[in-house]
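Next comes query34.csv, with CSV, N, CA and C atoms.
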```csv
chain,number,residue,atom,x,y,z
A,1,MET,N,113.6,89.2,135.2
A,1,MET,CA,113.1,89.1,133.8
A,1,MET,C,114.3,89.0,132.9
A,2,GLN,N,114.2,88.0,132.0
A,2,GLN,CA,115.3,87.8,131.0
A,2,GLN,C,115.2,88.8,129.9
A,3,PRO,N,116.4,89.2,129.3
A,3,PRO,CA,116.4,90.1,128.2
A,3,PRO,C,115.5,89.6,127.1
A,4,ILE,N,114.8,90.5,126.4
A,4,ILE,CA,113.9,90.1,125.3
A,4,ILE,C,114.7,90.4,124.0
A,5,GLN,N,114.7,89.5,123.1
A,5,GLN,CA,115.4,89.7,121.8
A,5,GLN,C,114.5,90.5,120.8
A,6,GLU,N,115.2,91.4,120.1
A,6,GLU,CA,114.5,92.1,119.0
A,6,GLU,C,113.8,91.1,118.1
A,7,GLY,N,112.6,91.5,117.7
A,7,GLY,CA,111.8,90.6,116.7
A,7,GLY,C,110.9,89.7,117.5
A,8,THR,N,111.0,89.7,118.8
A,8,THR,CA,110.1,88.8,119.6
A,8,THR,C,108.7,89.4,119.5
A,9,LYS,N,107.7,88.5,119.3
A,9,LYS,CA,106.3,88.8,119.3
A,9,LYS,C,105.6,88.1,120.5
A,10,GLY,N,104.5,88.7,121.0
A,10,GLY,CA,103.8,88.1,122.1
A,10,GLY,C,102.7,88.9,122.5
A,11,VAL,N,102.2,88.6,123.7
A,11,VAL,CA,101.2,89.4,124.4
A,11,VAL,C,101.6,89.9,125.7
A,12,ILE,N,101.1,91.0,126.1
A,12,ILE,CA,101.4,91.6,127.4
A,12,ILE,C,100.1,92.0,128.1
A,13,THR,N,100.0,91.7,129.4
A,13,THR,CA,98.8,92.0,130.2
A,13,THR,C,99.2,92.8,131.4
A,14,TYR,N,98.5,93.9,131.6
A,14,TYR,CA,98.8,94.7,132.8
A,14,TYR,C,97.6,95.6,133.2
A,15,TYR,N,97.6,96.1,134.4
A,15,TYR,CA,96.5,97.0,134.8
A,15,TYR,C,96.7,98.4,134.2
A,16,ALA,N,95.7,98.8,133.4
A,16,ALA,CA,95.8,100.1,132.8
A,16,ALA,C,95.0,101.1,133.6
A,17,LYS,N,95.6,102.0,134.2
A,17,LYS,CA,95.0,103.0,135.1
A,17,LYS,C,94.0,103.8,134.2
A,18,LYS,N,94.3,104.1,133.0
A,18,LYS,CA,93.5,104.9,132.1
A,18,LYS,C,92.1,104.2,131.9
A,19,HIS,N,92.1,102.9,131.8
A,19,HIS,CA,90.9,102.1,131.6
A,19,HIS,C,90.3,101.6,132.8
A,20,GLY,N,91.1,101.6,133.9
A,20,GLY,CA,90.6,101.0,135.2
A,20,GLY,C,90.4,99.5,135.2
A,21,LYS,N,91.1,98.8,134.4
A,21,LYS,CA,91.0,97.4,134.3
A,21,LYS,C,92.3,96.8,133.7
A,22,TYR,N,92.4,95.5,133.7
A,22,TYR,CA,93.5,94.8,133.1
A,22,TYR,C,93.3,94.7,131.6
A,23,VAL,N,94.3,95.0,130.8
A,23,VAL,CA,94.2,94.9,129.4
A,23,VAL,C,95.3,94.0,128.8
A,24,THR,N,95.0,93.4,127.7
A,24,THR,CA,96.0,92.5,127.0
A,24,THR,C,96.2,93.0,125.6
A,25,ARG,N,97.5,93.2,125.3
A,25,ARG,CA,97.8,93.7,124.0
A,25,ARG,C,98.9,92.8,123.3
A,26,SER,N,98.9,92.8,122.0
A,26,SER,CA,99.9,92.2,121.2
A,26,SER,C,101.1,93.1,121.0
A,27,PHE,N,102.3,92.5,121.1
A,27,PHE,CA,103.5,93.4,121.0
A,27,PHE,C,104.5,92.8,120.1
A,28,LEU,N,105.4,93.7,119.6
A,28,LEU,CA,106.6,93.4,118.9
A,28,LEU,C,107.7,94.1,119.6
A,29,TRP,N,108.8,93.3,119.9
A,29,TRP,CA,109.9,93.9,120.7
A,29,TRP,C,110.9,94.5,119.7
A,30,THR,N,111.2,95.8,119.8
A,30,THR,CA,112.1,96.5,118.9
A,30,THR,C,113.3,97.1,119.7
A,31,ASN,N,114.2,97.8,118.9
A,31,ASN,CA,115.3,98.4,119.6
A,31,ASN,C,114.9,99.6,120.5
A,32,LEU,N,113.7,100.1,120.3
A,32,LEU,CA,113.2,101.2,121.2
A,32,LEU,C,112.5,100.7,122.4
A,33,CYS,N,112.2,99.5,122.5
A,33,CYS,CA,111.5,98.9,123.7
A,33,CYS,C,112.4,98.9,124.9
A,34,ARG,N,111.8,99.1,126.1
A,34,ARG,CA,112.7,99.2,127.3
A,34,ARG,C,111.9,98.5,128.5
A,35,VAL,N,112.8,97.9,129.3
A,35,VAL,CA,112.3,97.3,130.6
A,35,VAL,C,112.9,98.2,131.7
A,36,MET,N,112.1,98.9,132.4
A,36,MET,CA,112.6,99.8,133.5
A,36,MET,C,112.0,99.2,134.8
A,37,GLU,N,112.4,99.8,135.9
A,37,GLU,CA,112.0,99.4,137.2
A,37,GLU,C,110.5,99.4,137.4
A,38,ASN,N,109.9,100.4,137.0
A,38,ASN,CA,108.4,100.6,137.2
A,38,ASN,C,107.5,100.4,136.0
A,39,TYR,N,108.1,100.3,134.8
A,39,TYR,CA,107.3,100.2,133.6
A,39,TYR,C,108.1,99.5,132.5
A,40,ILE,N,107.3,99.2,131.4
A,40,ILE,CA,107.9,98.6,130.2
A,40,ILE,C,107.3,99.3,129.0
A,41,THR,N,108.2,99.7,128.1
A,41,THR,CA,107.8,100.4,126.9
A,41,THR,C,107.8,99.3,125.8
A,42,TYR,N,106.7,99.1,125.1
A,42,TYR,CA,106.6,98.1,124.0
A,42,TYR,C,105.9,98.6,122.8
A,43,PHE,N,106.1,98.0,121.7
A,43,PHE,CA,105.4,98.4,120.4
A,43,PHE,C,104.1,97.6,120.3
A,44,ASP,N,103.0,98.3,120.3
A,44,ASP,CA,101.7,97.7,120.3
A,44,ASP,C,101.3,97.4,118.8
A,45,THR,N,101.3,96.2,118.4
A,45,THR,CA,101.0,95.9,117.0
A,45,THR,C,99.6,96.1,116.5
A,46,ASP,N,98.7,96.1,117.5
A,46,ASP,CA,97.3,96.4,117.1
A,46,ASP,C,97.0,97.9,116.8
A,47,MET,N,97.7,98.8,117.7
A,47,MET,CA,97.5,100.2,117.6
A,47,MET,C,98.7,100.9,116.7
A,48,ASN,N,99.6,100.0,116.3
A,48,ASN,CA,100.8,100.5,115.5
A,48,ASN,C,101.5,101.7,116.1
A,49,GLY,N,101.8,101.5,117.4
A,49,GLY,CA,102.6,102.6,118.1
A,49,GLY,C,103.1,102.1,119.4
A,50,TYR,N,104.0,102.9,120.0
A,50,TYR,CA,104.6,102.5,121.3
A,50,TYR,C,103.7,102.8,122.5
A,51,ARG,N,103.7,101.9,123.5
A,51,ARG,CA,102.9,102.1,124.7
A,51,ARG,C,103.7,101.8,125.9
A,52,THR,N,103.3,102.3,127.1
A,52,THR,CA,104.0,102.1,128.3
A,52,THR,C,103.0,101.3,129.2
A,53,ALA,N,103.5,100.2,129.8
A,53,ALA,CA,102.8,99.4,130.7
A,53,ALA,C,103.4,99.5,132.1
A,54,THR,N,102.6,99.9,133.1
A,54,THR,CA,103.0,100.0,134.5
A,54,THR,C,103.2,98.6,135.0
A,55,ARG,N,104.4,98.3,135.6
A,55,ARG,CA,104.7,97.0,136.2
A,55,ARG,C,103.9,96.9,137.5
A,56,PRO,N,103.5,95.7,137.9
A,56,PRO,CA,103.8,94.4,137.3
A,56,PRO,C,103.1,94.1,136.0
A,57,VAL,N,103.7,93.3,135.1
A,57,VAL,CA,103.0,92.8,133.9
A,57,VAL,C,103.2,91.3,133.7
A,58,LYS,N,102.4,90.8,132.9
A,58,LYS,CA,102.6,89.4,132.5
A,58,LYS,C,102.8,89.4,131.0
A,59,MET,N,103.9,88.8,130.6
A,59,MET,CA,104.2,88.7,129.2
A,59,MET,C,104.4,87.3,128.7
A,60,SER,N,103.8,87.0,127.6
A,60,SER,CA,104.0,85.7,127.0
A,60,SER,C,104.7,86.0,125.6
A,61,THR,N,105.8,85.4,125.4
A,61,THR,CA,106.5,85.7,124.1
A,61,THR,C,106.8,84.4,123.3
A,62,LYS,N,107.0,84.7,122.0
A,62,LYS,CA,107.3,83.6,121.1
A,62,LYS,C,108.1,84.3,120.0
A,63,LEU,N,109.3,83.8,119.8
A,63,LEU,CA,110.2,84.3,118.7
A,63,LEU,C,109.8,83.6,117.4
A,64,ILE,N,109.4,84.4,116.5
A,64,ILE,CA,108.9,83.9,115.2
A,64,ILE,C,110.0,84.1,114.1
A,65,ASP,N,110.4,83.0,113.5
A,65,ASP,CA,111.3,83.1,112.4
A,65,ASP,C,110.5,83.2,111.1
A,66,GLU,N,110.4,84.4,110.5
A,66,GLU,CA,109.6,84.7,109.4
A,66,GLU,C,109.9,83.8,108.2
A,67,ARG,N,111.2,83.4,108.0
A,67,ARG,CA,111.6,82.6,106.9
A,67,ARG,C,110.9,81.2,107.0
A,68,VAL,N,111.0,80.6,108.2
A,68,VAL,CA,110.4,79.3,108.4
A,68,VAL,C,108.9,79.4,108.2
A,69,GLN,N,108.2,80.4,108.7
A,69,GLN,CA,106.8,80.6,108.6
A,69,GLN,C,106.4,80.7,107.1
A,70,ASP,N,107.2,81.5,106.3
A,70,ASP,CA,106.9,81.6,104.9
A,70,ASP,C,107.0,80.3,104.1
A,71,GLU,N,108.0,79.5,104.5
A,71,GLU,CA,108.3,78.3,103.8
A,71,GLU,C,107.2,77.3,104.1
A,72,GLN,N,106.5,77.4,105.2
A,72,GLN,CA,105.4,76.4,105.6
A,72,GLN,C,104.1,76.7,104.9
A,73,GLN,N,104.0,77.9,104.4
A,73,GLN,CA,102.7,78.3,103.7
A,73,GLN,C,102.6,77.9,102.3
```
Could you take the file, read its structure, and then write that structure out as C-alpha cells?
Amino acid sequence: MQPIQEGTKGVITYYAKKHGKYVTRSFLWTNLCRVMENYITYFDTDMNGYRTATRPVKMSTKLIDERVQDEQQ
C-alpha cells in the first residue's frame, strides 16, 4: 500500500465484526491516521470521529484541492 497524503478524501470498505457485514465509509486522511499490519485507523467524515478498520480493506482515494474546487463554483 502506498503512503496516503494528508488531506486525501475517499471511501473505505471492510468487514465490520461489530455489524457482521461489509461496510463502506467516507474518510479524510489526517496526521492521526495510521496503516498498521492488521488494521487502519481513519477519520470517518460521516460520524465525525476516528474509526479502526480491520484489514483487509478496499480504499478508493481522491486528493481534492479545495482552492480549485472553490474556483469552479
Using all atoms listed in the file, find the one residue out of A:Asn31, A:Thr8, A:Thr13, A:Gln2 that sits nearest to A:Val57.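 Among the listed residues, A:Thr13 lies closest to A:Val57.
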DSSP strand (DSSP E) residues within chain A, listed as a tab-separated table (two decimals) with N, CA and C atoms, in the coordinates of the input:
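And here is the file that came out, selection.tsv:
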```tsv
chain	number	residue	atom	x	y	z
A	8	THR	N	111.00	89.70	118.80
A	8	THR	CA	110.10	88.80	119.60
A	8	THR	C	108.70	89.40	119.50
A	9	LYS	N	107.70	88.50	119.30
A	9	LYS	CA	106.30	88.80	119.30
A	9	LYS	C	105.60	88.10	120.50
A	10	GLY	N	104.50	88.70	121.00
A	10	GLY	CA	103.80	88.10	122.10
A	10	GLY	C	102.70	88.90	122.50
A	11	VAL	N	102.20	88.60	123.70
A	11	VAL	CA	101.20	89.40	124.40
A	11	VAL	C	101.60	89.90	125.70
A	12	ILE	N	101.10	91.00	126.10
A	12	ILE	CA	101.40	91.60	127.40
A	12	ILE	C	100.10	92.00	128.10
A	13	THR	N	100.00	91.70	129.40
A	13	THR	CA	98.80	92.00	130.20
A	13	THR	C	99.20	92.80	131.40
A	14	TYR	N	98.50	93.90	131.60
A	14	TYR	CA	98.80	94.70	132.80
A	14	TYR	C	97.60	95.60	133.20
A	15	TYR	N	97.60	96.10	134.40
A	15	TYR	CA	96.50	97.00	134.80
A	15	TYR	C	96.70	98.40	134.20
A	16	ALA	N	95.70	98.80	133.40
A	16	ALA	CA	95.80	100.10	132.80
A	16	ALA	C	95.00	101.10	133.60
A	21	LYS	N	91.10	98.80	134.40
A	21	LYS	CA	91.00	97.40	134.30
A	21	LYS	C	92.30	96.80	133.70
A	22	TYR	N	92.40	95.50	133.70
A	22	TYR	CA	93.50	94.80	133.10
A	22	TYR	C	93.30	94.70	131.60
A	23	VAL	N	94.30	95.00	130.80
A	23	VAL	CA	94.20	94.90	129.40
A	23	VAL	C	95.30	94.00	128.80
A	24	THR	N	95.00	93.40	127.70
A	24	THR	CA	96.00	92.50	127.00
A	24	THR	C	96.20	93.00	125.60
A	25	ARG	N	97.50	93.20	125.30
A	25	ARG	CA	97.80	93.70	124.00
A	25	ARG	C	98.90	92.80	123.30
A	26	SER	N	98.90	92.80	122.00
A	26	SER	CA	99.90	92.20	121.20
A	26	SER	C	101.10	93.10	121.00
A	27	PHE	N	102.30	92.50	121.10
A	27	PHE	CA	103.50	93.40	121.00
A	27	PHE	C	104.50	92.80	120.10
A	28	LEU	N	105.40	93.70	119.60
A	28	LEU	CA	106.60	93.40	118.90
A	28	LEU	C	107.70	94.10	119.60
A	34	ARG	N	111.80	99.10	126.10
A	34	ARG	CA	112.70	99.20	127.30
A	34	ARG	C	111.90	98.50	128.50
A	35	VAL	N	112.80	97.90	129.30
A	35	VAL	CA	112.30	97.30	130.60
A	35	VAL	C	112.90	98.20	131.70
A	39	TYR	N	108.10	100.30	134.80
A	39	TYR	CA	107.30	100.20	133.60
A	39	TYR	C	108.10	99.50	132.50
A	40	ILE	N	107.30	99.20	131.40
A	40	ILE	CA	107.90	98.60	130.20
A	40	ILE	C	107.30	99.30	129.00
A	41	THR	N	108.20	99.70	128.10
A	41	THR	CA	107.80	100.40	126.90
A	41	THR	C	107.80	99.30	125.80
A	42	TYR	N	106.70	99.10	125.10
A	42	TYR	CA	106.60	98.10	124.00
A	42	TYR	C	105.90	98.60	122.80
A	43	PHE	N	106.10	98.00	121.70
A	43	PHE	CA	105.40	98.40	120.40
A	43	PHE	C	104.10	97.60	120.30
A	44	ASP	N	103.00	98.30	120.30
A	44	ASP	CA	101.70	97.70	120.30
A	44	ASP	C	101.30	97.40	118.80
A	49	GLY	N	101.80	101.50	117.40
A	49	GLY	CA	102.60	102.60	118.10
A	49	GLY	C	103.10	102.10	119.40
A	50	TYR	N	104.00	102.90	120.00
A	50	TYR	CA	104.60	102.50	121.30
A	50	TYR	C	103.70	102.80	122.50
A	51	ARG	N	103.70	101.90	123.50
A	51	ARG	CA	102.90	102.10	124.70
A	51	ARG	C	103.70	101.80	125.90
A	52	THR	N	103.30	102.30	127.10
A	52	THR	CA	104.00	102.10	128.30
A	52	THR	C	103.00	101.30	129.20
A	53	ALA	N	103.50	100.20	129.80
A	53	ALA	CA	102.80	99.40	130.70
A	53	ALA	C	103.40	99.50	132.10
A	54	THR	N	102.60	99.90	133.10
A	54	THR	CA	103.00	100.00	134.50
A	54	THR	C	103.20	98.60	135.00
A	57	VAL	N	103.70	93.30	135.10
A	57	VAL	CA	103.00	92.80	133.90
A	57	VAL	C	103.20	91.30	133.70
A	58	LYS	N	102.40	90.80	132.90
A	58	LYS	CA	102.60	89.40	132.50
A	58	LYS	C	102.80	89.40	131.00
A	59	MET	N	103.90	88.80	130.60
A	59	MET	CA	104.20	88.70	129.20
A	59	MET	C	104.40	87.30	128.70
A	60	SER	N	103.80	87.00	127.60
A	60	SER	CA	104.00	85.70	127.00
A	60	SER	C	104.70	86.00	125.60
A	61	THR	N	105.80	85.40	125.40
A	61	THR	CA	106.50	85.70	124.10
A	61	THR	C	106.80	84.40	123.30
A	62	LYS	N	107.00	84.70	122.00
A	62	LYS	CA	107.30	83.60	121.10
A	62	LYS	C	108.10	84.30	120.00
A	63	LEU	N	109.30	83.80	119.80
A	63	LEU	CA	110.20	84.30	118.70
A	63	LEU	C	109.80	83.60	117.40
```
Among chain A, which ones does DSSP assign to helix (DSSP H, G or I) (computed from the backbone)? Answer as a compact mmCIF listing (two decimals) with N, CA and C atoms, in the frame of the given file.
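Contents of result-v9.txt, as written:
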```txt
# COMPACT_ATOMS: atom_id res chain seq x y z
N GLU A 66 110.40 84.40 110.50
CA GLU A 66 109.60 84.70 109.40
C GLU A 66 109.90 83.80 108.20
N ARG A 67 111.20 83.40 108.00
CA ARG A 67 111.60 82.60 106.90
C ARG A 67 110.90 81.20 107.00
N VAL A 68 111.00 80.60 108.20
CA VAL A 68 110.40 79.30 108.40
C VAL A 68 108.90 79.40 108.20
N GLN A 69 108.20 80.40 108.70
CA GLN A 69 106.80 80.60 108.60
C GLN A 69 106.40 80.70 107.10
N ASP A 70 107.20 81.50 106.30
CA ASP A 70 106.90 81.60 104.90
C ASP A 70 107.00 80.30 104.10
N GLU A 71 108.00 79.50 104.50
CA GLU A 71 108.30 78.30 103.80
C GLU A 71 107.20 77.30 104.10
N GLN A 72 106.50 77.40 105.20
CA GLN A 72 105.40 76.40 105.60
C GLN A 72 104.10 76.70 104.90
```
If you measure from atom CA of A:Leu28 to atom CA of A:Pro3, what distance in Å do you get, rounded to one decimal?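 If I compute the distance from atom CA of A:Leu28 to atom CA of A:Pro3, I get 13.9 Å.
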Point-to-point distance in Å for atom CA of A:Tyr14 and atom C of A:Arg55: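 Atom-to-atom, atom C of A:Arg55 and atom CA of A:Tyr14 are spaced 7.3 Å apart.
Among the candidates A:Tyr42, A:Met47, A:Thr61, A:Pro56, the residue lying nearest to A:Thr30 is A:Tyr42 (atoms considered: all atoms listed in the file).
Taking atom CA of A:Thr41 and atom CA of A:Thr54 as endpoints, the distance between them is 9.0 Å.
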As a CSV table (one decimal) with N, CA and C atoms, in the frame of the given file, please: the residues near A:Phe27 (cut-off 5 Å, only N, CA and C atoms, same-chain neighbours under 3 positions excluded).
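Saved file part.csv follows:
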```csv
chain,number,residue,atom,x,y,z
A,9,LYS,N,107.7,88.5,119.3
A,9,LYS,CA,106.3,88.8,119.3
A,9,LYS,C,105.6,88.1,120.5
A,10,GLY,N,104.5,88.7,121.0
A,10,GLY,CA,103.8,88.1,122.1
A,10,GLY,C,102.7,88.9,122.5
A,11,VAL,N,102.2,88.6,123.7
A,11,VAL,CA,101.2,89.4,124.4
A,11,VAL,C,101.6,89.9,125.7
A,43,PHE,N,106.1,98.0,121.7
A,43,PHE,CA,105.4,98.4,120.4
A,43,PHE,C,104.1,97.6,120.3
A,44,ASP,N,103.0,98.3,120.3
A,44,ASP,CA,101.7,97.7,120.3
A,44,ASP,C,101.3,97.4,118.8
A,45,THR,N,101.3,96.2,118.4
A,45,THR,CA,101.0,95.9,117.0
A,45,THR,C,99.6,96.1,116.5
```
Residues at most 12 Å from A:Ala16, counting only C-alpha atoms, excluding those fewer than 4 positions away in the same chain, as an NGL selection string? :A and (12 or 20-25 or 39 or 51-57)
